[in-house]
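Participant: What follows is a structure written as structure tokens; I'll ask about it next.
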Amino acid sequence: MTSEQANAAAYWKANVRLIIWSLVVWALVSYGFAILLRPMLAGITVGGTDLGFWFAQQGSIITFVGIIFFYAWKMNKLDKQFGVEE
Amino acid sequence: MSQFVINMLFVGASFALYFGIAIWARAGSTKEFYVAGGGVHPVTNGMATAADWMSAASFISMAGLIAAGGYANSTFLMGWTGGYVLLAMLLAPYLRKFGKFTVPDFIGDRFYSNGARLAAVVCLIIICVTYVIGQMAGAGVAFSRFLEVSNSTGIWIAAGVVFCYAVFGGMKGITYTQVAQYVVLIIAYTIPAVFISLQLTGNPIPMFGMFSEHTESGLPLLQKLNDVVMGLGFTSYTGDISSKLNMVLFTLSLMIGTAGLPHVIIRFFTVPKVADARWSAGWTLIFISLLYLTAPAVASMARLNLLTTVYPQGVEAPALAYEERPEWVKTWETTGLIQWEDKNSDGRIQLYNDVAPAFTPTAEALGWKGNELVVNNDILVLANPEIANLPSWVIGLIAAGAIAAALSTAAGLLLAISSAISHDLIKNMINPKISEKGEMRAARISMAVAILLATWLGLNPPGFAAQVVALAFGIAAATLFPALMMGIFSKRVNDKGAIAGMLVGLVFTVVYIFLYLGWFFIPGTATFANTPDNWMFGISPLSIGTVGAVINFAVAYAVSLSTVAPPQEIQDLVESVRTPKGAGGALSH
């Protein structure tokens, strides 16, 4: 494996790791807090209802926006770090 | 000035704007026609993609669905936004790096097979055609309600307008009209919502107003709403539900389906760089969430408004007398979207849940003989300005906004269809020697044919639109998304695996939906009644796209591992799409 190939492989591995962690957060807020884990959050009240309802109707959307911008920012740094930017 | 004239002015002005843009942004080359020249700024593209994505269903129907279903229908909010996370990380940047014009372009090249290309074209056309039917129907409805023309005349006008800017401008014309349409639709959606939020809670920002205090009662708004709906026998608005399997699978189907929609994916081919594709997905979701964070507020406030209109002294006191109904109820009664039948002949409007056994004794004690007011869900957004007593120009704005939402999505879908035909079928498969000029002509002709087909289907819709849209998401989730993702994330999946996966995913999903919703959506042809008892493992046909996607992945891997690995140059291609370096502009080819 040439050093260029090894670099590309390491870049890809870093990208996949970042994707997996982002997807964990993505699933946690939507399938977790908003649906399956909602009974666990029932004690935390938000404006007349509970935190799970807020995540289902607003919180998950706001988190999704955050995930994408975080991913884009982090990937730009990775691109430069591995010297593969345009 | 009459309401009709005001609506005409708003809609007419918005059309003049779109035509102006069409003349200014005429496409001169295939690169301009397919990807707007590849130089669209990521924020501009984000705005255009938001309009491309937010359809008549998002603008007109979604708030009504949430109002009716409360917590259970949060699936639409999460499902239709969460797909952008998948798109931003799993597809858009790599497909932009690949740098060609269409979705089948990538599938055909990556799986080095015209069979795979053809399978992708077939899936794409089924997805986009089913989806576009709903847009034409939505535009027809908006025209007929606001401009006093018949539904079919409305559909023809919509087709004519799209024809003008899509056929001549291609992606370039569509991009800049979509930006204008986004501005029109977001203003139209937000203004009435702000006023309603102010009236009910004193908070000018609907997304915060929803979680603050209801001024009149001093209770939190959602608690007040729960009290009212439960006092009428409905299920609690914010209450949890017991069976969560379909809630999870339906949300996941919408997310995966969103990420696999070809008309959304191709928008990311128009930005200059790979990094721009990532940023652009974020901007898209910001622009989408301006509407999607307002929608649940509109839903809860409009439902409360409707119920307090019917029960002005509270649900324990007698309901509103029919003779005293407000003006907007009269207006919408003429369209048939609000219907009243005095079942117990007391001249009052009893609106309650007449199918809840627990509430039946209460209703009988009050002398109620069934629910008397039927309100179509779509009204909530369209009648919002009237319910809130807003000036008539706001109604004109809503008319222009609803039409913009339908047209912008229709144009994006039509471009995806026409480029699949002219570029993938004609240029890449039937006649590779076709000149650039010939390909442009083919693209314009296939666009015109696609518009005629969409118009015809809009005039003769098969089944109802909601079912058809479920089919589009199910197929996108079960076919294109897995094929694209495996093409990027696996070097081992080969031509045979990808083709087998797409076909099995397609057939499985379509058959499962048809079994319960009727073959080709023809009423009365369903094999099984569409009830949870009949569903396989309790999975609703609307949620089946997720299962189709899993089957696609499994079949593709199984077939690939038992056949030869892709050739070296394909593995190199996969390597190259994974790194941004050397992307340049979209290739002319």
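We label chains A, B, ... in the order they appear in the structure tokens, count residues from 1 in each chain, and number ligands from 1 in the order shown.
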Mind the document's chain letters and residue numbers, and return as a ChimeraX atom specification the residues of stretch 189-387 of chain B that DSSP labels helix (DSSP H, G or I).
Facilitator: /B:189-201,206-209,221-231,245-259,262-270,274-292,295-310,322-324,327-333,357-365,379-382,384-387
Participant: Could you list, as a PyMOL selection string, every residue of chain A that has an atom within 6 Å of an atom of chain B, counting only C-alpha atoms?
Facilitator: chain A and resi 47-48+56-58+68-69+72+84-86
Participant: Within 12 Å of B:Ala180, counting only C-alpha atoms, which residues show up once you throw out same-chain ones fewer than 2 positions away? Write them as an MDAnalysis selection string, please.
Facilitator: chainID B and resid 13:22 44:45 47:52 173:178 182:187 400:401 404:405 407:408
Participant: Could you work out how far atom CA of B:Ala402 lies from atom CA of B:Ala139, giving the answer in Å with one decimal?
Facilitator: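 For atom CA of B:Ala139 relative to atom CA of B:Ala402, the distance reads 7.4 Å.
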Participant: Please, what distance in Å, to one decimal, runs between atom CA of B:Asn377 and atom CA of B:Tyr322?
Facilitator: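 Going from atom CA of B:Asn377 over to atom CA of B:Tyr322 covers 20.6 Å.
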Participant: Give me the residues within 12 Å of B:Cys128 as a compact mmCIF listing (two decimals) with N, CA, C and O atoms, in the first residue's frame, counting only C-alpha atoms and dropping any in the same chain fewer than 5 places off.
Facilitator:
# COMPACT_ATOMS: atom_id res chain seq x y z
N VAL B 121 -33.27 3.79 -13.46
CA VAL B 121 -34.17 4.67 -14.21
C VAL B 121 -35.62 4.29 -13.93
O VAL B 121 -36.47 5.16 -13.68
N VAL B 122 -35.91 2.98 -13.93
CA VAL B 122 -37.28 2.52 -13.68
C VAL B 122 -37.74 2.96 -12.28
O VAL B 122 -38.82 3.54 -12.12
N CYS B 123 -36.90 2.71 -11.26
CA CYS B 123 -37.26 3.11 -9.89
C CYS B 123 -37.48 4.62 -9.83
O CYS B 123 -38.45 5.10 -9.24
N ILE B 133 -47.95 13.43 -9.03
CA ILE B 133 -49.42 13.43 -9.08
C ILE B 133 -49.98 14.29 -7.95
O ILE B 133 -50.86 15.13 -8.16
N GLY B 134 -49.42 14.09 -6.74
CA GLY B 134 -49.89 14.84 -5.58
C GLY B 134 -49.68 16.34 -5.74
O GLY B 134 -50.49 17.14 -5.28
N GLN B 135 -48.58 16.72 -6.42
CA GLN B 135 -48.30 18.14 -6.60
C GLN B 135 -49.30 18.79 -7.54
O GLN B 135 -49.79 19.88 -7.31
N GLY B 260 -33.35 9.17 -0.28
CA GLY B 260 -33.25 8.50 -1.57
C GLY B 260 -34.07 9.13 -2.67
O GLY B 260 -34.16 8.59 -3.77
N LEU B 261 -34.67 10.32 -2.42
CA LEU B 261 -35.48 10.94 -3.46
C LEU B 261 -34.60 11.59 -4.51
O LEU B 261 -33.83 12.49 -4.21
N PRO B 262 -34.72 11.16 -5.77
CA PRO B 262 -33.80 11.63 -6.81
C PRO B 262 -33.86 13.14 -7.04
O PRO B 262 -32.82 13.76 -7.29
N HIS B 263 -35.05 13.76 -6.93
CA HIS B 263 -35.11 15.19 -7.24
C HIS B 263 -34.41 16.01 -6.16
O HIS B 263 -33.98 17.13 -6.42
N VAL B 264 -34.29 15.46 -4.95
CA VAL B 264 -33.54 16.15 -3.90
C VAL B 264 -32.04 15.92 -4.10
O VAL B 264 -31.24 16.86 -4.03
N THR B 409 -41.98 21.92 -6.23
CA THR B 409 -41.71 20.50 -6.12
C THR B 409 -41.98 19.80 -7.45
O THR B 409 -41.19 18.95 -7.88
N ALA B 410 -43.07 20.18 -8.11
CA ALA B 410 -43.39 19.56 -9.40
C ALA B 410 -42.25 19.78 -10.38
O ALA B 410 -41.83 18.84 -11.08
N ALA B 411 -41.69 21.01 -10.43
CA ALA B 411 -40.63 21.29 -11.40
C ALA B 411 -39.39 20.43 -11.13
O ALA B 411 -38.78 19.89 -12.05
N GLY B 412 -39.01 20.28 -9.85
CA GLY B 412 -37.85 19.47 -9.51
C GLY B 412 -38.05 18.02 -9.92
O GLY B 412 -37.14 17.37 -10.46
N LEU B 413 -39.25 17.49 -9.69
CA LEU B 413 -39.55 16.11 -10.06
C LEU B 413 -39.51 15.93 -11.57
O LEU B 413 -38.96 14.95 -12.08
N LEU B 414 -40.08 16.91 -12.29
CA LEU B 414 -40.11 16.79 -13.75
C LEU B 414 -38.71 16.82 -14.33
O LEU B 414 -38.40 16.12 -15.28
N LEU B 415 -37.83 17.62 -13.71
CA LEU B 415 -36.45 17.65 -14.20
C LEU B 415 -35.78 16.30 -13.97
O LEU B 415 -35.05 15.80 -14.83
N ALA B 416 -36.02 15.70 -12.80
CA ALA B 416 -35.42 14.39 -12.51
C ALA B 416 -35.89 13.35 -13.53
O ALA B 416 -35.10 12.55 -14.03
N ILE B 417 -37.18 13.40 -13.88
CA ILE B 417 -37.71 12.44 -14.86
C ILE B 417 -37.09 12.68 -16.23
O ILE B 417 -36.59 11.76 -16.88
N SER B 418 -37.08 13.96 -16.66
CA SER B 418 -36.62 14.22 -18.03
C SER B 418 -35.12 13.95 -18.17
O SER B 418 -34.68 13.44 -19.20
N SER B 419 -34.32 14.23 -17.13
CA SER B 419 -32.89 13.96 -17.28
C SER B 419 -32.62 12.46 -17.26
O SER B 419 -31.70 11.98 -17.93
N ALA B 420 -33.44 11.67 -16.54
CA ALA B 420 -33.26 10.22 -16.56
C ALA B 420 -33.53 9.69 -17.96
O ALA B 420 -32.86 8.77 -18.43
N ALA B 450 -43.35 14.56 -19.92
CA ALA B 450 -43.54 14.29 -18.49
C ALA B 450 -44.61 15.22 -17.91
O ALA B 450 -45.43 14.81 -17.09
N ILE B 451 -44.61 16.50 -18.34
CA ILE B 451 -45.62 17.44 -17.84
C ILE B 451 -47.02 17.01 -18.27
O ILE B 451 -47.96 17.02 -17.47
N LEU B 453 -48.00 13.96 -18.99
CA LEU B 453 -48.35 12.76 -18.22
C LEU B 453 -48.79 13.14 -16.81
O LEU B 453 -49.80 12.65 -16.30
N ALA B 454 -48.02 14.04 -16.18
CA ALA B 454 -48.34 14.46 -14.81
C ALA B 454 -49.70 15.15 -14.77
O ALA B 454 -50.49 14.97 -13.85
N VAL B 468 -50.49 7.39 -2.45
CA VAL B 468 -49.52 7.45 -3.54
C VAL B 468 -48.19 7.97 -3.03
O VAL B 468 -47.12 7.46 -3.39
N VAL B 469 -48.23 8.97 -2.13
CA VAL B 469 -46.99 9.50 -1.58
C VAL B 469 -46.28 8.43 -0.74
O VAL B 469 -45.06 8.28 -0.80
N LEU B 471 -46.24 5.35 -1.32
CA LEU B 471 -45.57 4.48 -2.28
C LEU B 471 -44.23 5.08 -2.71
O LEU B 471 -43.21 4.39 -2.77
N ALA B 472 -44.21 6.39 -3.00
CA ALA B 472 -42.99 7.04 -3.45
C ALA B 472 -41.89 6.92 -2.40
O ALA B 472 -40.74 6.57 -2.71
N PHE B 473 -42.23 7.18 -1.12
CA PHE B 473 -41.21 7.09 -0.07
C PHE B 473 -40.76 5.65 0.14
O PHE B 473 -39.58 5.38 0.33
N ILE B 475 -40.66 3.21 -2.02
CA ILE B 475 -39.79 2.75 -3.11
C ILE B 475 -38.42 3.42 -3.04
O ILE B 475 -37.38 2.78 -3.22
N ALA B 476 -38.40 4.72 -2.76
CA ALA B 476 -37.11 5.40 -2.65
C ALA B 476 -36.27 4.77 -1.55
O ALA B 476 -35.06 4.56 -1.70
Participant: Hey, which of B:Ala68, B:Met8, B:Ile544, B:Ile60 ends up closest to B:Ser236? Count only C-alpha atoms.
Facilitator: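 Once distances to B:Ser236 are computed over only C-alpha atoms, the minimum belongs to B:Ala68.
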Participant: Write out as a ChimeraX atom specification which residues come within 9 Å of B:Val167 when counting only C-alpha atoms, dropping same-chain ones fewer than 4 positions away.
Facilitator: /B:162-163,173,415,443-445,447-448
Participant: Please, could you write that set of residues out with N, CA, C and O atoms as a short mmCIF file (atom, residue, chain, number, x, y, z; two decimals), in the first residue's frame?
Facilitator:
data_model
loop_
_atom_site.label_atom_id
_atom_site.label_comp_id
_atom_site.auth_asym_id
_atom_site.auth_seq_id
_atom_site.Cartn_x
_atom_site.Cartn_y
_atom_site.Cartn_z
N VAL B 162 -45.40 25.71 -15.14
CA VAL B 162 -44.20 24.89 -14.98
C VAL B 162 -43.53 24.68 -16.33
O VAL B 162 -42.30 24.77 -16.46
N PHE B 163 -44.34 24.42 -17.36
CA PHE B 163 -43.81 24.21 -18.70
C PHE B 163 -42.90 25.37 -19.09
O PHE B 163 -41.78 25.18 -19.56
N GLY B 173 -33.17 27.48 -14.64
CA GLY B 173 -34.42 28.20 -14.43
C GLY B 173 -35.11 27.74 -13.16
O GLY B 173 -35.61 28.54 -12.37
N LEU B 415 -37.83 17.62 -13.71
CA LEU B 415 -36.45 17.65 -14.20
C LEU B 415 -35.78 16.30 -13.97
O LEU B 415 -35.05 15.80 -14.83
N ALA B 443 -34.01 16.34 -23.94
CA ALA B 443 -34.35 16.68 -22.56
C ALA B 443 -35.62 17.53 -22.52
O ALA B 443 -36.50 17.31 -21.69
N ARG B 444 -35.70 18.51 -23.46
CA ARG B 444 -36.88 19.39 -23.46
C ARG B 444 -38.13 18.63 -23.86
O ARG B 444 -39.21 18.83 -23.29
N ILE B 445 -37.98 17.74 -24.87
CA ILE B 445 -39.16 16.97 -25.30
C ILE B 445 -39.62 16.05 -24.17
O ILE B 445 -40.81 15.97 -23.85
N MET B 447 -39.21 16.46 -21.03
CA MET B 447 -39.82 17.29 -19.99
C MET B 447 -41.27 17.61 -20.36
O MET B 447 -42.18 17.50 -19.52
N ALA B 448 -41.50 17.97 -21.64
CA ALA B 448 -42.85 18.31 -22.08
C ALA B 448 -43.77 17.10 -21.95
O ALA B 448 -44.91 17.22 -21.47
#
